[in-house]
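**Q** Sharing my_file_12.csv here; it has CSV, C-alpha atoms.
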```
chain,number,residue,atom,x,y,z
I,1439,MET,CA,0.0,0.0,0.0
I,1440,HIS,CA,1.2,3.5,-0.8
I,1441,PRO,CA,2.6,5.1,2.4
I,1442,MET,CA,0.3,8.2,2.0
I,1443,LYS,CA,-2.9,6.2,2.0
I,1444,LEU,CA,-5.2,5.6,5.0
I,1445,LYS,CA,-5.3,2.2,6.6
I,1446,SER,CA,-8.4,0.3,5.5
I,1447,GLN,CA,-10.1,0.5,8.9
I,1448,GLU,CA,-9.6,4.3,9.1
I,1449,ALA,CA,-11.0,4.7,5.6
I,1450,SER,CA,-14.0,2.5,6.4
I,1451,SER,CA,-14.8,4.6,9.4
I,1452,LEU,CA,-15.5,7.6,7.1
I,1453,ALA,CA,-18.9,8.1,5.4
I,1454,SER,CA,-17.4,7.2,2.0
I,1455,PRO,CA,-14.1,5.7,0.8
I,1456,CYS,CA,-11.3,8.1,1.5
I,1457,SER,CA,-7.6,7.3,0.7
I,1458,TYR,CA,-6.4,10.8,1.3
I,1459,HIS,CA,-7.5,13.8,3.3
I,1460,VAL,CA,-6.2,16.3,0.8
I,1461,PHE,CA,-5.7,16.5,-2.9
I,1462,LEU,CA,-3.2,19.1,-4.1
I,1463,SER,CA,-3.7,20.6,-7.6
I,1464,PHE,CA,-0.9,22.7,-8.9
I,1465,ARG,CA,1.2,23.5,-11.9
I,1466,GLY,CA,4.4,21.6,-11.3
I,1467,GLU,CA,6.8,23.9,-13.1
I,1468,ASP,CA,5.6,26.9,-11.1
I,1469,THR,CA,5.5,25.6,-7.5
I,1470,ARG,CA,6.5,21.9,-7.2
I,1471,LYS,CA,9.9,22.7,-5.6
I,1472,THR,CA,8.9,25.7,-3.7
I,1473,PHE,CA,5.5,26.6,-2.2
I,1474,THR,CA,3.7,23.3,-2.9
I,1475,ASP,CA,6.5,21.3,-1.5
I,1476,HIS,CA,6.4,23.4,1.7
I,1477,LEU,CA,2.6,23.1,1.9
I,1478,TYR,CA,2.8,19.3,1.3
I,1479,THR,CA,5.4,19.0,4.1
I,1480,ALA,CA,3.3,21.1,6.5
I,1481,LEU,CA,0.2,19.0,5.8
I,1482,ASP,CA,2.1,15.8,6.2
I,1483,GLN,CA,3.6,16.9,9.5
I,1484,ALA,CA,0.1,17.9,10.7
I,1485,GLY,CA,-1.1,14.4,10.0
I,1486,PHE,CA,-3.0,14.9,6.8
I,1487,LEU,CA,-2.6,12.2,4.2
I,1488,THR,CA,-2.0,14.3,1.0
I,1489,PHE,CA,-2.0,13.3,-2.7
I,1490,ARG,CA,0.3,15.1,-5.1
I,1491,ASP,CA,0.9,13.7,-8.6
I,1492,ASP,CA,4.6,13.4,-8.3
I,1493,ASP,CA,4.4,10.5,-5.8
I,1494,GLY,CA,0.8,9.5,-5.8
I,1495,ILE,CA,0.7,7.8,-9.2
I,1496,GLU,CA,2.3,4.5,-9.7
I,1497,ARG,CA,4.4,3.8,-12.8
I,1498,GLY,CA,2.4,2.3,-15.6
I,1499,GLU,CA,-0.9,3.7,-14.4
I,1500,TYR,CA,-3.2,5.8,-16.5
I,1501,ILE,CA,-2.7,9.3,-15.3
I,1502,LYS,CA,-6.3,10.6,-15.8
I,1503,SER,CA,-8.0,7.6,-14.1
I,1504,GLU,CA,-5.5,7.8,-11.2
I,1505,LEU,CA,-6.1,11.5,-10.8
I,1506,GLU,CA,-9.9,11.0,-10.9
I,1507,LYS,CA,-9.6,8.3,-8.3
I,1508,ALA,CA,-7.4,10.4,-6.0
I,1509,ILE,CA,-9.8,13.4,-6.2
I,1510,ARG,CA,-12.8,11.1,-5.6
I,1511,GLU,CA,-11.1,9.6,-2.6
I,1512,SER,CA,-10.1,12.9,-1.0
I,1513,ARG,CA,-12.3,15.1,1.1
I,1514,ILE,CA,-10.4,18.4,0.7
I,1515,SER,CA,-8.9,19.8,-2.5
I,1516,ILE,CA,-6.3,22.6,-2.4
I,1517,ILE,CA,-5.8,24.3,-5.7
I,1518,VAL,CA,-2.6,26.3,-6.0
I,1519,PHE,CA,-3.2,28.9,-8.8
I,1520,SER,CA,0.0,30.2,-10.2
I,1521,LYS,CA,1.0,32.2,-13.3
I,1522,ASN,CA,1.1,29.2,-15.6
I,1523,TYR,CA,-1.7,27.1,-14.0
I,1524,ALA,CA,-3.9,27.3,-17.1
I,1525,SER,CA,-1.1,26.6,-19.6
I,1526,SER,CA,-1.3,22.9,-18.9
I,1527,THR,CA,-4.5,21.2,-20.0
I,1528,TRP,CA,-4.1,18.9,-17.0
I,1529,CYS,CA,-4.7,21.6,-14.5
I,1530,PRO,CA,-8.1,22.8,-15.8
I,1531,GLU,CA,-9.1,19.2,-16.3
I,1532,GLU,CA,-8.3,18.5,-12.6
I,1533,LEU,CA,-10.2,21.6,-11.6
I,1534,VAL,CA,-13.4,20.4,-13.4
I,1535,MET,CA,-13.1,17.0,-11.6
I,1536,ILE,CA,-12.6,18.8,-8.2
I,1537,LEU,CA,-15.6,21.0,-8.7
I,1538,LYS,CA,-17.8,18.0,-9.4
I,1539,ARG,CA,-16.8,16.7,-5.9
I,1540,LYS,CA,-17.5,20.1,-4.3
I,1541,THR,CA,-21.2,19.6,-5.2
I,1542,LEU,CA,-21.1,16.4,-3.1
I,1543,GLY,CA,-19.8,18.3,0.0
I,1544,ASP,CA,-16.0,18.2,-0.5
I,1545,VAL,CA,-14.1,21.2,0.6
I,1546,VAL,CA,-12.3,23.3,-2.0
I,1547,LEU,CA,-9.7,25.8,-1.0
I,1548,PRO,CA,-8.1,28.0,-3.7
I,1549,VAL,CA,-4.6,29.4,-3.0
I,1550,PHE,CA,-3.6,32.3,-5.3
I,1551,TYR,CA,0.2,32.1,-5.4
I,1552,ASP,CA,1.7,35.1,-7.1
I,1553,VAL,CA,-1.5,35.6,-9.1
I,1554,ASP,CA,-4.5,37.8,-8.3
I,1555,PRO,CA,-7.8,36.1,-7.9
I,1556,SER,CA,-9.3,38.5,-10.5
I,1557,GLU,CA,-6.8,37.2,-13.1
I,1558,VAL,CA,-8.3,33.7,-12.6
I,1559,ARG,CA,-11.9,34.9,-12.5
I,1560,LYS,CA,-11.6,37.2,-15.4
I,1561,GLN,CA,-9.1,35.1,-17.2
I,1562,ILE,CA,-6.7,37.9,-17.9
I,1563,GLY,CA,-2.9,38.0,-17.9
I,1564,SER,CA,-1.3,34.6,-18.2
I,1565,PHE,CA,-4.7,33.0,-18.0
I,1566,LYS,CA,-5.8,34.9,-21.1
I,1567,GLU,CA,-2.7,33.9,-22.9
I,1568,ALA,CA,-3.3,30.2,-22.2
I,1569,PHE,CA,-6.9,30.4,-23.4
I,1570,THR,CA,-5.9,32.4,-26.5
I,1571,ARG,CA,-3.6,29.5,-27.4
I,1572,TYR,CA,-6.5,27.0,-26.9
I,1573,GLU,CA,-8.7,29.1,-29.1
I,1574,GLU,CA,-6.0,29.3,-31.8
I,1575,LYS,CA,-5.8,25.5,-31.7
I,1576,LEU,CA,-9.6,25.5,-32.2
I,1577,LYS,CA,-9.3,27.5,-35.3
I,1578,SER,CA,-6.6,25.2,-36.7
I,1579,GLU,CA,-8.6,22.0,-36.0
I,1580,THR,CA,-9.7,20.5,-39.3
I,1581,VAL,CA,-12.0,17.7,-38.0
I,1582,GLU,CA,-15.3,19.3,-36.9
I,1583,LEU,CA,-15.9,16.7,-34.2
I,1584,ALA,CA,-12.5,17.4,-32.5
I,1585,LYS,CA,-13.1,21.1,-32.9
I,1586,GLU,CA,-16.5,20.9,-31.1
I,1587,LYS,CA,-15.0,18.7,-28.3
I,1588,LEU,CA,-12.2,21.1,-27.7
I,1589,LYS,CA,-14.6,24.1,-27.8
I,1590,ASP,CA,-16.8,22.4,-25.1
I,1591,LYS,CA,-13.7,21.6,-23.0
I,1592,VAL,CA,-12.4,25.2,-23.2
I,1593,GLY,CA,-15.9,26.5,-22.2
I,1594,THR,CA,-16.0,24.1,-19.2
I,1595,TRP,CA,-12.5,25.2,-18.1
I,1596,ARG,CA,-13.4,28.8,-18.3
I,1597,ALA,CA,-16.6,28.3,-16.2
I,1598,ALA,CA,-14.6,26.2,-13.6
I,1599,LEU,CA,-12.0,28.9,-13.2
I,1600,LYS,CA,-14.7,31.6,-12.7
I,1601,GLU,CA,-16.5,29.4,-10.2
I,1602,VAL,CA,-13.5,28.6,-8.0
I,1603,ALA,CA,-12.0,32.1,-8.2
I,1604,ALA,CA,-15.2,33.3,-6.5
I,1605,VAL,CA,-14.6,31.0,-3.5
I,1606,ALA,CA,-12.8,32.7,-0.6
I,1607,GLY,CA,-9.3,31.5,-0.6
I,1608,MET,CA,-5.7,32.5,0.3
I,1609,ASN,CA,-4.1,35.3,-1.7
I,1610,LEU,CA,-0.3,34.9,-1.5
I,1611,GLN,CA,1.0,37.8,-3.6
I,1612,ASN,CA,4.6,38.9,-3.3
I,1613,GLN,CA,5.4,36.4,-0.7
I,1614,VAL,CA,9.0,35.3,-0.2
I,1615,ASP,CA,9.4,31.6,-0.7
I,1616,GLU,CA,12.4,30.1,1.1
```
Would you write out, as structure tokens, the structure that this file holds?
**A**
Amino acid sequence: MHPMKLKSQEASSLASPCSYHVFLSFRGEDTRKTFTDHLYTALDQAGFLTFRDDDGIERGEYIKSELEKAIRESRISIIVFSKNYASSTWCPEELVMILKRKTLGDVVLPVFYDVDPSEVRKQIGSFKEAFTRYEEKLKSETVELAKEKLKDKVGTWRAALKEVAAVAGMNLQNQVDE
């Protein structure tokens, strides 16, 4: 069993299956070796079993299904928004999965790390740049079915960003990260 998972008797004592207390969603390039690593360590030292993709997915597993499972089996999701969060399609995909769990009562805590919540909500700055690239890809798609599928995804991602940016979270602008 993965060392970060709950023992089976602990998991069965909860209302629904729970392998983790916390799911961390973050853009690896931006915060993996800095803020997110510090947050992960603090959660671990406080006794929270925390999933992060760099050690929570076994080699050879399908990433999307493992992420869905980890989100489903967590009760709290912490989303670390950073400048390049939206530049990876994985991050908005995770966000959509997380927000589906929120409707079931899971806790969602956004952390705005060196990005203003309004940039996420209004999709300006680096978020606008990422979505402009997605929309350019839409224009270049030649297969109509693929074009519609991507258009639906981009619309879903935009709505998810607006929704979560409206949730009270932590705004960590201009913080020194040591």
**Q** Show which residues sit within 12 Å of I:Phe1464, as JSON, numbers by chain. Count only C-alpha atoms, and ignore same-chain residues fewer than 3 positions away.
**A** {"I": [1461, 1467, 1468, 1469, 1470, 1471, 1472, 1473, 1474, 1475, 1477, 1478, 1489, 1490, 1491, 1492, 1515, 1516, 1517, 1518, 1519, 1520, 1521, 1522, 1523, 1524, 1525, 1526, 1527, 1528, 1529, 1530, 1531, 1532, 1533, 1548, 1549, 1550, 1551]}
**Q** Quick one: write out the picked residues with C-alpha atoms as a PDB file, in the frame of the given file?
**A**
```pdb
ATOM      1  CA  PHE I1461      -5.700  16.500  -2.900  1.00  0.00           C
ATOM      2  CA  GLU I1467       6.800  23.900 -13.100  1.00  0.00           C
ATOM      3  CA  ASP I1468       5.600  26.900 -11.100  1.00  0.00           C
ATOM      4  CA  THR I1469       5.500  25.600  -7.500  1.00  0.00           C
ATOM      5  CA  ARG I1470       6.500  21.900  -7.200  1.00  0.00           C
ATOM      6  CA  LYS I1471       9.900  22.700  -5.600  1.00  0.00           C
ATOM      7  CA  THR I1472       8.900  25.700  -3.700  1.00  0.00           C
ATOM      8  CA  PHE I1473       5.500  26.600  -2.200  1.00  0.00           C
ATOM      9  CA  THR I1474       3.700  23.300  -2.900  1.00  0.00           C
ATOM     10  CA  ASP I1475       6.500  21.300  -1.500  1.00  0.00           C
ATOM     11  CA  LEU I1477       2.600  23.100   1.900  1.00  0.00           C
ATOM     12  CA  TYR I1478       2.800  19.300   1.300  1.00  0.00           C
ATOM     13  CA  PHE I1489      -2.000  13.300  -2.700  1.00  0.00           C
ATOM     14  CA  ARG I1490       0.300  15.100  -5.100  1.00  0.00           C
ATOM     15  CA  ASP I1491       0.900  13.700  -8.600  1.00  0.00           C
ATOM     16  CA  ASP I1492       4.600  13.400  -8.300  1.00  0.00           C
ATOM     17  CA  SER I1515      -8.900  19.800  -2.500  1.00  0.00           C
ATOM     18  CA  ILE I1516      -6.300  22.600  -2.400  1.00  0.00           C
ATOM     19  CA  ILE I1517      -5.800  24.300  -5.700  1.00  0.00           C
ATOM     20  CA  VAL I1518      -2.600  26.300  -6.000  1.00  0.00           C
ATOM     21  CA  PHE I1519      -3.200  28.900  -8.800  1.00  0.00           C
ATOM     22  CA  SER I1520       0.000  30.200 -10.200  1.00  0.00           C
ATOM     23  CA  LYS I1521       1.000  32.200 -13.300  1.00  0.00           C
ATOM     24  CA  ASN I1522       1.100  29.200 -15.600  1.00  0.00           C
ATOM     25  CA  TYR I1523      -1.700  27.100 -14.000  1.00  0.00           C
ATOM     26  CA  ALA I1524      -3.900  27.300 -17.100  1.00  0.00           C
ATOM     27  CA  SER I1525      -1.100  26.600 -19.600  1.00  0.00           C
ATOM     28  CA  SER I1526      -1.300  22.900 -18.900  1.00  0.00           C
ATOM     29  CA  THR I1527      -4.500  21.200 -20.000  1.00  0.00           C
ATOM     30  CA  TRP I1528      -4.100  18.900 -17.000  1.00  0.00           C
ATOM     31  CA  CYS I1529      -4.700  21.600 -14.500  1.00  0.00           C
ATOM     32  CA  PRO I1530      -8.100  22.800 -15.800  1.00  0.00           C
ATOM     33  CA  GLU I1531      -9.100  19.200 -16.300  1.00  0.00           C
ATOM     34  CA  GLU I1532      -8.300  18.500 -12.600  1.00  0.00           C
ATOM     35  CA  LEU I1533     -10.200  21.600 -11.600  1.00  0.00           C
ATOM     36  CA  PRO I1548      -8.100  28.000  -3.700  1.00  0.00           C
ATOM     37  CA  VAL I1549      -4.600  29.400  -3.000  1.00  0.00           C
ATOM     38  CA  PHE I1550      -3.600  32.300  -5.300  1.00  0.00           C
ATOM     39  CA  TYR I1551       0.200  32.100  -5.400  1.00  0.00           C
TER      40      TYR I1551
END
```
**Q** Dig up all the protein and nucleic acid residues within 12 Å of (-14.0, 22.7, -30.2) in the file frame, using all atoms listed in the file, and format them as a list of chain:residue names.
**A**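 Protein, DNA and RNA residues close to (-14.0, 22.7, -30.2): I:Tyr1572, I:Glu1573, I:Glu1574, I:Lys1575, I:Leu1576, I:Lys1577, I:Ser1578, I:Glu1579, I:Thr1580, I:Val1581, I:Glu1582, I:Leu1583, I:Ala1584, I:Lys1585, I:Glu1586, I:Lys1587, I:Leu1588, I:Lys1589, I:Asp1590, I:Lys1591, I:Val1592, I:Gly1593, I:Thr1594.
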**Q** Atom CA of I:His1459 to atom CA of I:Ala1598: how many Å, to one decimal?
**A** 22.1 Å
**Q** Using only C-alpha atoms, pick whichever of I:Lys1566, I:Lys1540, I:His1476, I:Arg1465 has the shortest atom-to-atom distance to I:Val1602.
**A**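 When distances to I:Val1602 are compared using only C-alpha atoms, the smallest one comes from I:Lys1540.
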**Q** Show me the residues close to (3.7, 13.5, 8.3) - anything with an atom within 12 Å, counting all atoms listed in the file - and format the list as an MDAnalysis selection string.
**A** chainID I and resid 1441:1443 1477:1488
**Q** Grab the atom CA of I:Val1553 to atom CA of I:Gly1607 distance for me, in Å with one decimal place.
**A**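 That distance, rounded to one decimal, is 12.2 Å.
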**Q** Could you check how far atom CA of I:Leu1599 sits from atom CA of I:Ser1556, in Å to one decimal?
**A**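 Separating atom CA of I:Leu1599 from atom CA of I:Ser1556 is a distance of 10.3 Å.
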